[in-house]
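Everything below concerns the one structure shown next.
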Amino acid sequence: MQKDLIKSSFSSAAETYDSVAEIQNLSSYELVNLIEAPKISTVIDIGCGTGNTSLELYEKFPNAEYTFCDLSDRMLLMASRKFPKKANIICCDAESYEFKENYDLAIANLCVQWFDDIPKFVKKIKNHCGEFVFSTLLDKSFSLYKNCFDIPPTFDYPSAERLLNSMGEVKKFKTKSYSLEFENFFAVARYFRRLGANLRSTKEQPAVKILTKSPIILDYEILFVRV
Ligand SMILES: C[S@@+](CC[C@H](N)C(=O)[O-])C[C@H]1O[C@@H](n2cnc3c(N)ncnc32)[C@H](O)[C@@H]1O
């Protein structure tokens, strides 16, 4: 996956992300509730974005030491400005970065779907943390949205089964669905631009006709995992 494109897309959305991150915030809430470790002194938030997951965590673990990790320096800046205490910063591609420290908890909310190899990353980060919780988009995401096109775009999000079977021991998982309704296709495009998550199609698409004018439902299917 082209990390430079992912980075520039999220960097240009750093200031608008919070105004549209409703689903991401609901997902943060679910993910934080999946944590089991009772005592957490050190946390790394991978793909921290503007820091909303860490803010949610801070309510539970205000005394922990926080490390923010993201590809985008502008996202990291937003996260540091908002956070009530000083956090360590790692600006990197978490997939290729050699983590040096160990953490009681690693958390990644709606970030790993941008990775090339999720199971490989899970194996790597597990060597550096006591507990890892993450959420990611599943193959059923955007199925209603895809129906809006005569030639539907294709995305390569994995099925829950494929992903869970390709990892080592999974301690707990759950799935949840969310949806947003938009007036028209332009509103969907604006939403993605503000979020920085321009939807990637896995193949070059021929020109497509939009079949549905309104409303357009954007449906998310999210997997939450603790390993
Ligand atoms: C959808 S946002 C989620 C942000 C945040 N976790 C939240 O819940 O609001 C995804 C974030 O992951 C970051 N990201 C994507 N690929 C990454 C990678 N390979 N390494 C580090 N961060 C990455 C993006 O820059 C972006 O800030």
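Residue numbering restarts at 1 for every chain of the structure tokens, chains are lettered A, B, ... in their displayed order, and ligands are numbered from 1 as they appear.
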Find the nearest atom pair between each residue of chain A and ligand 1 for residues within 6 Å, count only C-alpha atoms and all ligand atoms, give distances in Å to one decimal, sort rows by chain and ascending number, and present the table as JSON lines.
```
{"residue": "A:Lys7", "atom": "CA", "partner": "ligand 1", "partner_atom_place_in_ligand_line": "25 (O)", "distance": 5.4}
{"residue": "A:Phe10", "atom": "CA", "partner": "ligand 1", "partner_atom_place_in_ligand_line": "25 (O)", "distance": 5.1}
{"residue": "A:Gln24", "atom": "CA", "partner": "ligand 1", "partner_atom_place_in_ligand_line": "8 (O)", "distance": 5.0}
{"residue": "A:Ser28", "atom": "CA", "partner": "ligand 1", "partner_atom_place_in_ligand_line": "8 (O)", "distance": 5.6}
{"residue": "A:Gly47", "atom": "CA", "partner": "ligand 1", "partner_atom_place_in_ligand_line": "12 (O)", "distance": 3.5}
{"residue": "A:Cys48", "atom": "CA", "partner": "ligand 1", "partner_atom_place_in_ligand_line": "6 (N)", "distance": 4.1}
{"residue": "A:Gly49", "atom": "CA", "partner": "ligand 1", "partner_atom_place_in_ligand_line": "27 (O)", "distance": 3.4}
{"residue": "A:Asn52", "atom": "CA", "partner": "ligand 1", "partner_atom_place_in_ligand_line": "9 (O)", "distance": 5.2}
{"residue": "A:Thr53", "atom": "CA", "partner": "ligand 1", "partner_atom_place_in_ligand_line": "8 (O)", "distance": 5.2}
{"residue": "A:Asp70", "atom": "CA", "partner": "ligand 1", "partner_atom_place_in_ligand_line": "22 (N)", "distance": 3.6}
{"residue": "A:Leu71", "atom": "CA", "partner": "ligand 1", "partner_atom_place_in_ligand_line": "22 (N)", "distance": 4.1}
{"residue": "A:Ser72", "atom": "CA", "partner": "ligand 1", "partner_atom_place_in_ligand_line": "25 (O)", "distance": 4.8}
{"residue": "A:Met75", "atom": "CA", "partner": "ligand 1", "partner_atom_place_in_ligand_line": "27 (O)", "distance": 5.7}
{"residue": "A:Cys92", "atom": "CA", "partner": "ligand 1", "partner_atom_place_in_ligand_line": "21 (C)", "distance": 5.8}
{"residue": "A:Asp93", "atom": "CA", "partner": "ligand 1", "partner_atom_place_in_ligand_line": "20 (N)", "distance": 3.6}
{"residue": "A:Ala94", "atom": "CA", "partner": "ligand 1", "partner_atom_place_in_ligand_line": "20 (N)", "distance": 3.9}
{"residue": "A:Glu95", "atom": "CA", "partner": "ligand 1", "partner_atom_place_in_ligand_line": "19 (N)", "distance": 5.4}
{"residue": "A:Ala108", "atom": "CA", "partner": "ligand 1", "partner_atom_place_in_ligand_line": "6 (N)", "distance": 5.9}
{"residue": "A:Asn109", "atom": "CA", "partner": "ligand 1", "partner_atom_place_in_ligand_line": "6 (N)", "distance": 4.2}
{"residue": "A:Leu110", "atom": "CA", "partner": "ligand 1", "partner_atom_place_in_ligand_line": "3 (C)", "distance": 5.1}
{"residue": "A:Cys111", "atom": "CA", "partner": "ligand 1", "partner_atom_place_in_ligand_line": "12 (O)", "distance": 4.2}
{"residue": "A:Trp114", "atom": "CA", "partner": "ligand 1", "partner_atom_place_in_ligand_line": "16 (N)", "distance": 5.0}
{"residue": "A:Phe115", "atom": "CA", "partner": "ligand 1", "partner_atom_place_in_ligand_line": "19 (N)", "distance": 5.7}
```
Please identify all polymer residues within 8 Å of A:Val43, counting only C-alpha atoms, omitting same-chain residues fewer than 6 positions from it, and present them as a tab-separated table (two decimals) with N, CA and C atoms, in the first residue's frame.
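Now in result_3.tsv:
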```tsv
chain	number	residue	atom	x	y	z
A	64	ALA	N	-0.99	6.82	33.44
A	64	ALA	CA	-0.11	6.06	32.53
A	64	ALA	C	0.75	7.03	31.71
A	65	GLU	N	1.87	6.47	31.21
A	65	GLU	CA	2.71	7.24	30.28
A	65	GLU	C	2.23	6.89	28.86
A	66	TYR	N	1.97	7.90	28.05
A	66	TYR	CA	1.39	7.70	26.72
A	66	TYR	C	2.42	7.92	25.62
A	67	THR	N	2.40	7.04	24.62
A	67	THR	CA	3.21	7.23	23.41
A	67	THR	C	2.27	7.26	22.21
A	103	TYR	N	5.49	-1.97	26.17
A	103	TYR	CA	4.35	-1.23	26.72
A	103	TYR	C	3.40	-2.22	27.39
A	104	ASP	N	2.71	-1.76	28.43
A	104	ASP	CA	1.69	-2.63	29.04
A	104	ASP	C	0.54	-2.85	28.05
A	105	LEU	N	0.20	-1.77	27.32
A	105	LEU	CA	-0.92	-1.85	26.38
A	105	LEU	C	-0.55	-1.20	25.06
A	106	ALA	N	-0.86	-1.89	23.95
A	106	ALA	CA	-0.83	-1.25	22.63
A	106	ALA	C	-2.27	-1.24	22.14
A	107	ILE	N	-2.67	-0.11	21.54
A	107	ILE	CA	-4.05	0.03	21.06
A	107	ILE	C	-4.00	0.64	19.67
```
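The space between atom CA of A:Ser9 and atom CA of A:Ala21 spans 15.0 Å.
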Query - Shell of 12 Å around A:Lys123, only C-alpha atoms, local chain residues under 5 positions omitted, as number ranges by chain - result: A: 95, 117-118, 128-129, 131-132, 166-170, 227
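Of the listed residues A:Cys148, A:Lys174, A:Lys3, A:Phe68, the one whose atoms come nearest to A:Asp116 is A:Lys3, with distances taken using only C-alpha atoms.
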Requested in this report: Write out as number ranges by chain the residues lying within 10 Å of A:Arg81, counting only C-alpha atoms and excluding same-chain residues fewer than 5 positions away.
Outcome: A: 50-51, 76, 86-87
Go ahead and save the picked residues with N, CA and C atoms, as a PDB file, in the first residue's frame.
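Writing done, so here's again_29.pdb:
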```
ATOM      1  N   THR A  50      -5.866  12.090  15.710  1.00  0.00           N
ATOM      2  CA  THR A  50      -5.908  13.303  16.531  1.00  0.00           C
ATOM      3  C   THR A  50      -5.980  12.995  18.034  1.00  0.00           C
ATOM      4  N   GLY A  51      -5.794  11.740  18.386  1.00  0.00           N
ATOM      5  CA  GLY A  51      -5.635  11.384  19.801  1.00  0.00           C
ATOM      6  C   GLY A  51      -6.910  11.020  20.548  1.00  0.00           C
ATOM      7  N   LEU A  76      -0.144  13.887  14.538  1.00  0.00           N
ATOM      8  CA  LEU A  76       0.553  13.819  15.829  1.00  0.00           C
ATOM      9  C   LEU A  76       0.526  15.174  16.547  1.00  0.00           C
ATOM     10  N   LYS A  86       1.956  15.485  28.594  1.00  0.00           N
ATOM     11  CA  LYS A  86       2.938  15.320  27.525  1.00  0.00           C
ATOM     12  C   LYS A  86       3.045  13.843  27.147  1.00  0.00           C
ATOM     13  N   ALA A  87       2.971  13.587  25.850  1.00  0.00           N
ATOM     14  CA  ALA A  87       3.093  12.199  25.383  1.00  0.00           C
ATOM     15  C   ALA A  87       4.384  12.061  24.579  1.00  0.00           C
TER      16      ALA A  87
END
```
Query raised in the report: Could you pull out the helix (DSSP H, G or I) residues of stretch 88-133 of chain A from DSSP and send them as a PyMOL selection string?
Result: chain A and resi 112-114+118-126
So that I have them on file, write out the residues from the current selection with N, CA and C atoms, as a PDB file, in the first residue's frame.
```pdb
ATOM      1  N   VAL A 112      -5.271  -0.385  11.368  1.00  0.00           N
ATOM      2  CA  VAL A 112      -4.549  -1.477  10.692  1.00  0.00           C
ATOM      3  C   VAL A 112      -5.147  -1.864   9.333  1.00  0.00           C
ATOM      4  N   GLN A 113      -6.363  -1.367   9.022  1.00  0.00           N
ATOM      5  CA  GLN A 113      -6.882  -1.681   7.677  1.00  0.00           C
ATOM      6  C   GLN A 113      -6.057  -0.994   6.584  1.00  0.00           C
ATOM      7  N   TRP A 114      -5.180  -0.078   7.000  1.00  0.00           N
ATOM      8  CA  TRP A 114      -4.277   0.576   6.042  1.00  0.00           C
ATOM      9  C   TRP A 114      -2.968  -0.201   5.900  1.00  0.00           C
ATOM     10  N   ILE A 118      -1.702  -7.493   8.263  1.00  0.00           N
ATOM     11  CA  ILE A 118      -2.161  -7.301   9.654  1.00  0.00           C
ATOM     12  C   ILE A 118      -1.619  -8.404  10.581  1.00  0.00           C
ATOM     13  N   PRO A 119      -1.723  -9.697  10.218  1.00  0.00           N
ATOM     14  CA  PRO A 119      -1.217 -10.742  11.140  1.00  0.00           C
ATOM     15  C   PRO A 119       0.267 -10.581  11.467  1.00  0.00           C
ATOM     16  N   LYS A 120       1.053 -10.170  10.468  1.00  0.00           N
ATOM     17  CA  LYS A 120       2.489  -9.977  10.705  1.00  0.00           C
ATOM     18  C   LYS A 120       2.712  -8.844  11.717  1.00  0.00           C
ATOM     19  N   PHE A 121       1.930  -7.782  11.553  1.00  0.00           N
ATOM     20  CA  PHE A 121       2.064  -6.663  12.491  1.00  0.00           C
ATOM     21  C   PHE A 121       1.647  -7.091  13.905  1.00  0.00           C
ATOM     22  N   VAL A 122       0.571  -7.870  14.000  1.00  0.00           N
ATOM     23  CA  VAL A 122       0.082  -8.310  15.318  1.00  0.00           C
ATOM     24  C   VAL A 122       1.183  -9.109  16.024  1.00  0.00           C
ATOM     25  N   LYS A 123       1.831  -9.979  15.251  1.00  0.00           N
ATOM     26  CA  LYS A 123       2.900 -10.799  15.830  1.00  0.00           C
ATOM     27  C   LYS A 123       4.044  -9.905  16.338  1.00  0.00           C
ATOM     28  N   LYS A 124       4.386  -8.906  15.533  1.00  0.00           N
ATOM     29  CA  LYS A 124       5.492  -8.016  15.907  1.00  0.00           C
ATOM     30  C   LYS A 124       5.159  -7.202  17.164  1.00  0.00           C
ATOM     31  N   ILE A 125       3.988  -6.585  17.169  1.00  0.00           N
ATOM     32  CA  ILE A 125       3.675  -5.684  18.294  1.00  0.00           C
ATOM     33  C   ILE A 125       3.464  -6.479  19.589  1.00  0.00           C
ATOM     34  N   LYS A 126       3.016  -7.728  19.451  1.00  0.00           N
ATOM     35  CA  LYS A 126       2.828  -8.566  20.646  1.00  0.00           C
ATOM     36  C   LYS A 126       4.156  -8.820  21.373  1.00  0.00           C
TER      37      LYS A 126
END
```
Query raised in the report: Looking only at the backbone, which of the residues in stretch 56-212 of chain A does DSSP tag as strand (DSSP E), as an MDAnalysis selection string?
Result: chainID A and resid 65:70 88:91 103:109 129:137 172:182
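Using only C-alpha atoms for every distance, the candidate list A:Ser54, A:Thr136, A:Ser8, A:Ser159 yields A:Thr136 as the residue closest to A:Ile222.
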Report task. Using only C-alpha atoms, find the one residue out of A:Pro215, A:Asp45, A:Lys171, A:Arg162 that sits nearest to A:Ile89. Result -> A:Asp45
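With only C-alpha atoms as the atoms that count, the residue of A:Leu31, A:Cys69, A:Leu77, A:Ile6 with the shortest distance to A:Thr175 is A:Leu31.
By only C-alpha atoms, and with residues fewer than 4 positions from A:Ser177 along its chain excluded, the set lying at most 12 Å from it is Ile23, Leu26, Ser27, Glu30, Thr136, Leu137, Leu138, Asp139, Lys140, Ser141, Phe142, Ser143, Leu218, Asp219, Tyr220, Glu221, Ile222, Leu223 and Phe224 of chain A.
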Restricted to N, CA and C atoms, what would the selected residues look like written as a PDB file, in the first residue's frame?
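Result file out_39.pdb:
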```pdb
ATOM      1  N   ILE A  23     -18.043   7.746  13.845  1.00  0.00           N
ATOM      2  CA  ILE A  23     -17.927   6.273  13.886  1.00  0.00           C
ATOM      3  C   ILE A  23     -16.616   5.887  14.569  1.00  0.00           C
ATOM      4  N   LEU A  26     -17.069   6.134  18.258  1.00  0.00           N
ATOM      5  CA  LEU A  26     -17.856   5.012  18.799  1.00  0.00           C
ATOM      6  C   LEU A  26     -16.987   3.760  18.865  1.00  0.00           C
ATOM      7  N   SER A  27     -16.147   3.595  17.851  1.00  0.00           N
ATOM      8  CA  SER A  27     -15.254   2.442  17.796  1.00  0.00           C
ATOM      9  C   SER A  27     -14.199   2.518  18.913  1.00  0.00           C
ATOM     10  N   GLU A  30     -15.804   1.301  22.130  1.00  0.00           N
ATOM     11  CA  GLU A  30     -15.906  -0.176  22.181  1.00  0.00           C
ATOM     12  C   GLU A  30     -14.557  -0.800  22.468  1.00  0.00           C
ATOM     13  N   THR A 136     -10.709  -2.988  13.251  1.00  0.00           N
ATOM     14  CA  THR A 136     -10.430  -2.853  11.818  1.00  0.00           C
ATOM     15  C   THR A 136     -11.698  -3.060  11.008  1.00  0.00           C
ATOM     16  N   LEU A 137     -11.717  -2.518   9.808  1.00  0.00           N
ATOM     17  CA  LEU A 137     -12.876  -2.694   8.933  1.00  0.00           C
ATOM     18  C   LEU A 137     -12.900  -4.106   8.368  1.00  0.00           C
ATOM     19  N   LEU A 138     -14.116  -4.621   8.176  1.00  0.00           N
ATOM     20  CA  LEU A 138     -14.286  -5.967   7.613  1.00  0.00           C
ATOM     21  C   LEU A 138     -14.860  -5.901   6.202  1.00  0.00           C
ATOM     22  N   ASP A 139     -14.802  -7.045   5.537  1.00  0.00           N
ATOM     23  CA  ASP A 139     -15.224  -7.134   4.127  1.00  0.00           C
ATOM     24  C   ASP A 139     -16.669  -6.687   3.877  1.00  0.00           C
ATOM     25  N   LYS A 140     -17.523  -6.784   4.915  1.00  0.00           N
ATOM     26  CA  LYS A 140     -18.936  -6.395   4.681  1.00  0.00           C
ATOM     27  C   LYS A 140     -19.120  -4.879   4.726  1.00  0.00           C
ATOM     28  N   SER A 141     -18.068  -4.161   5.124  1.00  0.00           N
ATOM     29  CA  SER A 141     -18.179  -2.699   5.161  1.00  0.00           C
ATOM     30  C   SER A 141     -18.526  -2.153   3.786  1.00  0.00           C
ATOM     31  N   PHE A 142     -19.361  -1.143   3.778  1.00  0.00           N
ATOM     32  CA  PHE A 142     -19.723  -0.395   2.564  1.00  0.00           C
ATOM     33  C   PHE A 142     -20.501  -1.239   1.546  1.00  0.00           C
ATOM     34  N   SER A 143     -21.121  -2.349   1.989  1.00  0.00           N
ATOM     35  CA  SER A 143     -21.856  -3.155   1.000  1.00  0.00           C
ATOM     36  C   SER A 143     -23.079  -2.398   0.479  1.00  0.00           C
ATOM     37  N   LEU A 218     -23.769   4.771   4.287  1.00  0.00           N
ATOM     38  CA  LEU A 218     -22.386   4.299   4.398  1.00  0.00           C
ATOM     39  C   LEU A 218     -22.346   3.359   5.600  1.00  0.00           C
ATOM     40  N   ASP A 219     -22.176   2.097   5.320  1.00  0.00           N
ATOM     41  CA  ASP A 219     -22.281   1.077   6.362  1.00  0.00           C
ATOM     42  C   ASP A 219     -20.907   0.513   6.725  1.00  0.00           C
ATOM     43  N   TYR A 220     -20.607   0.563   8.002  1.00  0.00           N
ATOM     44  CA  TYR A 220     -19.330   0.064   8.513  1.00  0.00           C
ATOM     45  C   TYR A 220     -19.559  -1.257   9.236  1.00  0.00           C
ATOM     46  N   GLU A 221     -18.658  -2.214   9.018  1.00  0.00           N
ATOM     47  CA  GLU A 221     -18.657  -3.467   9.790  1.00  0.00           C
ATOM     48  C   GLU A 221     -17.277  -3.545  10.434  1.00  0.00           C
ATOM     49  N   ILE A 222     -17.237  -3.497  11.758  1.00  0.00           N
ATOM     50  CA  ILE A 222     -15.942  -3.361  12.452  1.00  0.00           C
ATOM     51  C   ILE A 222     -15.687  -4.557  13.364  1.00  0.00           C
ATOM     52  N   LEU A 223     -14.462  -5.051  13.286  1.00  0.00           N
ATOM     53  CA  LEU A 223     -14.031  -6.144  14.163  1.00  0.00           C
ATOM     54  C   LEU A 223     -13.163  -5.557  15.283  1.00  0.00           C
ATOM     55  N   PHE A 224     -13.430  -5.994  16.512  1.00  0.00           N
ATOM     56  CA  PHE A 224     -12.643  -5.569  17.684  1.00  0.00           C
ATOM     57  C   PHE A 224     -11.949  -6.805  18.239  1.00  0.00           C
TER      58      PHE A 224
END
```
